[in-house]
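Down below is the structure, laid out as structure tokens.
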Amino acid sequence: TIHLVVARLHPDTLDILADEVDMVRIGESVTATGAISPQKRDTSLTTLRNYKAIAEHFSASPVLVVATEAIRQASNSADFVEDVRRETGLDVQIVPGDVEASLTFAGSTYELLQEPRIPPQLGVMDLGGGSLELVTASYDAGHANNPVQQLHITWRTSVPLGSGWIHDRYLLSDPPSSDELSVAYTFLTTYLKGMHIKRHIPVLTVTGGSANSLLHLSHHAFRRDLHDFSLSREDIVRCEGLLHSMLAEEIAMRFGQPVERARILPAGALIIRTVMEHLHLERIQVSPHGIREGVLLAYAQYGDQWLQQVGEQASQKSSSSNDNEQKQHDEPFNETGRRLLKERTEALFEWRDAVVKGKDSEAVHKMRVASRRLRAVLDAYEPLCEPQLFQRIYQQVKKMANLLGKVRDTDVMIGNLKQLAGQEVQNSQNSQQEQQEGVDWLVKRLRSYRKKQQRKLKKFFKEFDQKAFEEQIHACLASERWQHGKG
């Protein structure tokens with residue numbers, strides 16, 4: 001997304017004159033190929049020319065341009081920055097992640113700091129197309145005239161759970177199917193559990209296109225108070241009900257959303273709801289502001305040295321922190337993948353012995369669920385994996401899941417059949433014997449079928465080399481230190 005804000009600057013607030021946004025989805029090509037495609041480059045240049053003209057209309061000076069995740073991770077980012085400078089005369093500053101976190105936090109909370117009562121602990125989640133930034137901070141009243149320093153960042157993490165990223169990997173149908181949503185949810189919950197976030201966040205402000213689009217949708221679809229900038233978990237579930245039942249074009253037409261935004265909004269809603277569940281939050285605040293306003297506030301405070309000053313502050317805060325949790329969350333993306341794959345593989349084989357014995361139907365169910373979770377992680381990290389090894393692993397997991405599914409589904413059918421037959425017998429005493437004979441015959445056939453499938457499952461695990469499989473899982477991901485999903 002390319003976003004423009006034109007504002008009159010004051011030391012601790014902004015008078016916004018223009019606010020524009022275009023969904024270019026640069027990250028889409030970066031995720032697919034690692035580079036900014038010629039088409040995305042040309043679209044970006046056109047948008048930047050238009051935005052420069054708007055800034056000139058307001059006689060805005062200077063025009064500050066910052067780039068974040070997608071440009072940071074693109075292999076041709078230097079060429080892109082030079083193309084922008086040559087074609088538009090604009091100088092692009094690629095800001096590092098810690099600076100982005102500081103600026104986003106300042107921008108999304110500066111209005112909150114004007115309130116008479118400010119919570120001592122705050123959280124901000126910035127959900128973009130390619131990544132999610134989660135930041136916590138404590139309020140420092142000693143810097144009342146400096147919104148960039150008023151909030152001391154105590155913890156932050158950036159993870160590759162952007163709305164476009166999830167959409168492109170899991171939710172390709174329009175609207176997304178229940179199976180796609182189930183797999184995406186499984187991946188998200190698995191990933192978030194692996195993060196082991198222990199900090200309590202009493203107040204969470206969410207910024208980014210998905211959050212603001214959901215707020216807009218809830219206002220117009222359910223006639224909520226337009227002055228209420230919060231969303232409950234129930235509000236998001238109601239929005240998901242619309243998004244899962246209507247085409248993106250219909251959502252766009254009926255509720256005034258860009259089609260591209262409507263297309264990825266189911267992914268954004270799913271991410272926000274899953275994070276709220278993970279953090280045990282019933283309500284979030286939505287901010288229309290973010291890094292753009294943070295940049296303007298920093299410039300108002302420091303002038304031309306704004307980037308250097310914010311960078312030094314972010315570096316000092318980072319170096320003074322000995323938070324082991326922080327170190328874990330800043331691990332490279334491929335290392336996160338290795339950890340998740342290892343955890344999911346271990347969880348899968350916890351049930352192997354009980355499944356082979358064939359006496360515990362719940363063990364079959366648990367192992368089948370674990371296989372789905374492993375496949376969800378494999379799906380997410382496929383672009384980083386060695387292709388042939390990935391296919392070998394994936395086919396083994398798929399075969400295992402199919403065998404488990406046949407046994408489990410048969411157990412469910414037997415149980416349902418007995419329950420249904422019991423109800424029918426109660427309702428029709430005259431045919432009790434006839435009903436029971438029919439049930440017994442069918443259950444006998446199903447049990448015979450289950451034994452056959454159980455033998456196949458037992459044979460599969462007898463021939464299955466678990467140690468070799470675990471070694472393949474470990475070797476599957478690329479050895480390079482990929483950060484946030486891209487190298």
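Residues are named by chain letter and number: chains run A, B, ... in the order of the structure tokens, numbers start at 1 in each chain, and ligands are numbered from 1 in the order shown.
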Give me the residues near Gln308 in chain A as a ChimeraX atom specification, where near means some atom within 12 Å (using only C-alpha atoms) and where sequence neighbours in that chain fewer than 4 positions away do not count. /A:93,95-96,99,295,298-299,302-304,312-315
Output file for the residues above (N, CA and C atoms, as a PDB file, in the first residue's frame):
ATOM      1  N   GLN A  93      13.561   6.937   1.788  1.00  0.00           N
ATOM      2  CA  GLN A  93      14.329   6.450   2.936  1.00  0.00           C
ATOM      3  C   GLN A  93      13.779   5.076   3.337  1.00  0.00           C
ATOM      4  N   VAL A  95      13.473   2.574   5.984  1.00  0.00           N
ATOM      5  CA  VAL A  95      13.693   2.597   7.435  1.00  0.00           C
ATOM      6  C   VAL A  95      13.780   1.171   7.969  1.00  0.00           C
ATOM      7  N   PRO A  96      14.671   0.916   8.931  1.00  0.00           N
ATOM      8  CA  PRO A  96      14.765  -0.420   9.538  1.00  0.00           C
ATOM      9  C   PRO A  96      13.564  -0.706  10.422  1.00  0.00           C
ATOM     10  N   VAL A  99      13.052   1.287  13.788  1.00  0.00           N
ATOM     11  CA  VAL A  99      12.624   2.664  13.536  1.00  0.00           C
ATOM     12  C   VAL A  99      11.158   2.681  13.091  1.00  0.00           C
ATOM     13  N   VAL A 295       6.300   9.875  11.132  1.00  0.00           N
ATOM     14  CA  VAL A 295       7.386  10.563  10.421  1.00  0.00           C
ATOM     15  C   VAL A 295       7.207  12.076  10.523  1.00  0.00           C
ATOM     16  N   ALA A 298       8.038  13.272  13.991  1.00  0.00           N
ATOM     17  CA  ALA A 298       9.484  13.241  14.204  1.00  0.00           C
ATOM     18  C   ALA A 298      10.153  14.425  13.507  1.00  0.00           C
ATOM     19  N   TYR A 299       9.694  14.756  12.293  1.00  0.00           N
ATOM     20  CA  TYR A 299      10.265  15.901  11.576  1.00  0.00           C
ATOM     21  C   TYR A 299       9.951  17.197  12.316  1.00  0.00           C
ATOM     22  N   TYR A 302      12.533  17.154  15.261  1.00  0.00           N
ATOM     23  CA  TYR A 302      13.978  17.104  15.030  1.00  0.00           C
ATOM     24  C   TYR A 302      14.427  17.749  13.725  1.00  0.00           C
ATOM     25  N   GLY A 303      13.506  18.137  12.856  1.00  0.00           N
ATOM     26  CA  GLY A 303      13.896  18.725  11.586  1.00  0.00           C
ATOM     27  C   GLY A 303      14.552  17.715  10.669  1.00  0.00           C
ATOM     28  N   ASP A 304      15.562  18.161   9.934  1.00  0.00           N
ATOM     29  CA  ASP A 304      16.207  17.286   8.944  1.00  0.00           C
ATOM     30  C   ASP A 304      16.908  16.084   9.568  1.00  0.00           C
ATOM     31  N   GLU A 312      18.756   6.530  16.485  1.00  0.00           N
ATOM     32  CA  GLU A 312      19.614   6.435  17.670  1.00  0.00           C
ATOM     33  C   GLU A 312      18.807   6.048  18.902  1.00  0.00           C
ATOM     34  N   GLN A 313      17.610   6.624  19.042  1.00  0.00           N
ATOM     35  CA  GLN A 313      16.766   6.295  20.189  1.00  0.00           C
ATOM     36  C   GLN A 313      16.334   4.823  20.145  1.00  0.00           C
ATOM     37  N   ALA A 314      15.960   4.370  18.961  1.00  0.00           N
ATOM     38  CA  ALA A 314      15.538   2.972  18.818  1.00  0.00           C
ATOM     39  C   ALA A 314      16.686   2.030  19.116  1.00  0.00           C
ATOM     40  N   SER A 315      17.900   2.406  18.674  1.00  0.00           N
ATOM     41  CA  SER A 315      19.070   1.571  18.904  1.00  0.00           C
ATOM     42  C   SER A 315      19.416   1.501  20.385  1.00  0.00           C
TER      43      SER A 315
END
Going by DSSP on the backbone, which residues of range 6-58 of chain A come out as strand (DSSP E)? List them as a PDB file with N, CA and C atoms, in the first residue's frame.
ATOM      1  N   VAL A   6      -0.738  14.727   3.977  1.00  0.00           N
ATOM      2  CA  VAL A   6      -0.263  16.110   3.952  1.00  0.00           C
ATOM      3  C   VAL A   6      -0.808  16.791   5.198  1.00  0.00           C
ATOM      4  N   ALA A   7       0.061  17.457   5.966  1.00  0.00           N
ATOM      5  CA  ALA A   7      -0.389  18.028   7.235  1.00  0.00           C
ATOM      6  C   ALA A   7       0.401  19.279   7.599  1.00  0.00           C
ATOM      7  N   ARG A   8      -0.254  20.153   8.366  1.00  0.00           N
ATOM      8  CA  ARG A   8       0.451  21.251   9.035  1.00  0.00           C
ATOM      9  C   ARG A   8       1.013  20.685  10.327  1.00  0.00           C
ATOM     10  N   LEU A   9       2.266  21.012  10.607  1.00  0.00           N
ATOM     11  CA  LEU A   9       2.954  20.411  11.736  1.00  0.00           C
ATOM     12  C   LEU A   9       2.901  21.309  12.964  1.00  0.00           C
ATOM     13  N   LEU A  14      -0.967  17.172  14.729  1.00  0.00           N
ATOM     14  CA  LEU A  14      -0.972  17.417  13.288  1.00  0.00           C
ATOM     15  C   LEU A  14      -2.337  17.942  12.857  1.00  0.00           C
ATOM     16  N   ASP A  15      -2.333  18.828  11.885  1.00  0.00           N
ATOM     17  CA  ASP A  15      -3.556  19.297  11.235  1.00  0.00           C
ATOM     18  C   ASP A  15      -3.552  18.688   9.835  1.00  0.00           C
ATOM     19  N   ILE A  16      -4.247  17.569   9.657  1.00  0.00           N
ATOM     20  CA  ILE A  16      -4.182  16.807   8.411  1.00  0.00           C
ATOM     21  C   ILE A  16      -5.029  17.472   7.329  1.00  0.00           C
ATOM     22  N   LEU A  17      -4.403  17.724   6.178  1.00  0.00           N
ATOM     23  CA  LEU A  17      -5.051  18.399   5.047  1.00  0.00           C
ATOM     24  C   LEU A  17      -5.466  17.433   3.951  1.00  0.00           C
ATOM     25  N   ALA A  18      -4.722  16.363   3.778  1.00  0.00           N
ATOM     26  CA  ALA A  18      -5.033  15.378   2.732  1.00  0.00           C
ATOM     27  C   ALA A  18      -4.579  14.003   3.192  1.00  0.00           C
ATOM     28  N   ASP A  19      -5.360  12.997   2.832  1.00  0.00           N
ATOM     29  CA  ASP A  19      -5.053  11.612   3.216  1.00  0.00           C
ATOM     30  C   ASP A  19      -5.504  10.709   2.075  1.00  0.00           C
ATOM     31  N   GLU A  20      -4.551  10.098   1.373  1.00  0.00           N
ATOM     32  CA  GLU A  20      -4.846   9.259   0.206  1.00  0.00           C
ATOM     33  C   GLU A  20      -4.184   7.893   0.363  1.00  0.00           C
ATOM     34  N   VAL A  21      -4.782   6.896  -0.275  1.00  0.00           N
ATOM     35  CA  VAL A  21      -4.209   5.555  -0.214  1.00  0.00           C
ATOM     36  C   VAL A  21      -4.456   4.833  -1.526  1.00  0.00           C
ATOM     37  N   ASP A  22      -3.459   4.059  -1.974  1.00  0.00           N
ATOM     38  CA  ASP A  22      -3.577   3.210  -3.163  1.00  0.00           C
ATOM     39  C   ASP A  22      -3.022   1.839  -2.841  1.00  0.00           C
TER      40      ASP A  22
END
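Among the candidates A:Thr47, A:Thr104, A:Gln121, A:Thr1, the residue lying nearest to Leu296 in chain A is A:Thr104 (atoms considered: only C-alpha atoms).
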Would you list the contacts of Pro266 in chain A as a CSV table (one decimal) with N, CA and C atoms, in the first residue's frame, taking every protein, DNA or RNA residue within 7 Å and counting only C-alpha atoms, but skipping same-chain residues closer than 2 positions in sequence?
chain,number,residue,atom,x,y,z
A,240,GLU,N,-16.9,-11.0,9.4
A,240,GLU,CA,-16.4,-12.2,8.7
A,240,GLU,C,-17.6,-13.0,8.1
A,243,LEU,N,-18.1,-11.4,4.8
A,243,LEU,CA,-16.9,-11.6,3.9
A,243,LEU,C,-16.8,-13.0,3.4
A,264,ILE,N,-8.7,-9.2,0.1
A,264,ILE,CA,-7.8,-9.7,1.1
A,264,ILE,C,-8.3,-9.4,2.5
A,268,GLY,N,-7.3,-10.4,6.6
A,268,GLY,CA,-7.0,-9.4,7.6
A,268,GLY,C,-7.9,-9.6,8.9
A,269,ALA,N,-9.2,-9.9,8.6
A,269,ALA,CA,-10.1,-10.1,9.7
A,269,ALA,C,-9.7,-11.4,10.5
A,270,LEU,N,-9.3,-12.4,9.8
A,270,LEU,CA,-8.9,-13.7,10.5
A,270,LEU,C,-7.7,-13.4,11.4
Write out as number ranges by chain which residues come within 12 Å of Phe461 in chain A when counting only C-alpha atoms, dropping same-chain ones fewer than 3 positions away. A: 349, 351-357, 396-397, 399-400, 403-404, 454-458, 464-466, 469
Show me, as a ChimeraX atom specification, the residues that have an atom within 10 Å of Thr33 in chain A when counting only C-alpha atoms, minus same-chain residues fewer than 2 positions from it. /A:27-31,35-37,74-75,383,486
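Of note, CA of Gly89 in chain A and CA of Val65 in chain A are spaced 10.9 Å apart.
Between CA of Ile284 in chain A and CA of Ile118 in chain A there is a distance of 15.6 Å.
Counting only C-alpha atoms, Met23 in chain A has the following residues at most 12 Å away, ignoring those fewer than 4 positions along the same chain: Thr1, Ile2, His3, Leu4, Gly27, Glu28, Lys40, Thr43, Ser44, Thr47, Gly128, Gly129, Gly164, Gly208, Gly209, Ser210, Gln257, Pro258, Val259, Glu260, Arg261, Ala262, Arg263 and Ile264 of chain A.
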Please extract the residues of range 149-267 of chain A with a backbone DSSP assignment of alpha helix (DSSP H) and present them as a ChimeraX atom specification. /A:149-150,163-170,178-195,209-222,233-243,248-255,259-267
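Residue nearest Leu340 in chain A within the list A:Val206, A:Leu192, A:Leu172, A:Ile201: A:Leu192 [criterion: smallest interatomic distance, only C-alpha atoms].
Using only C-alpha atoms, the nearest neighbour of Ile71 in chain A within the list A:Ala211, A:Val92, A:Ala475, A:Val5 is A:Val92.
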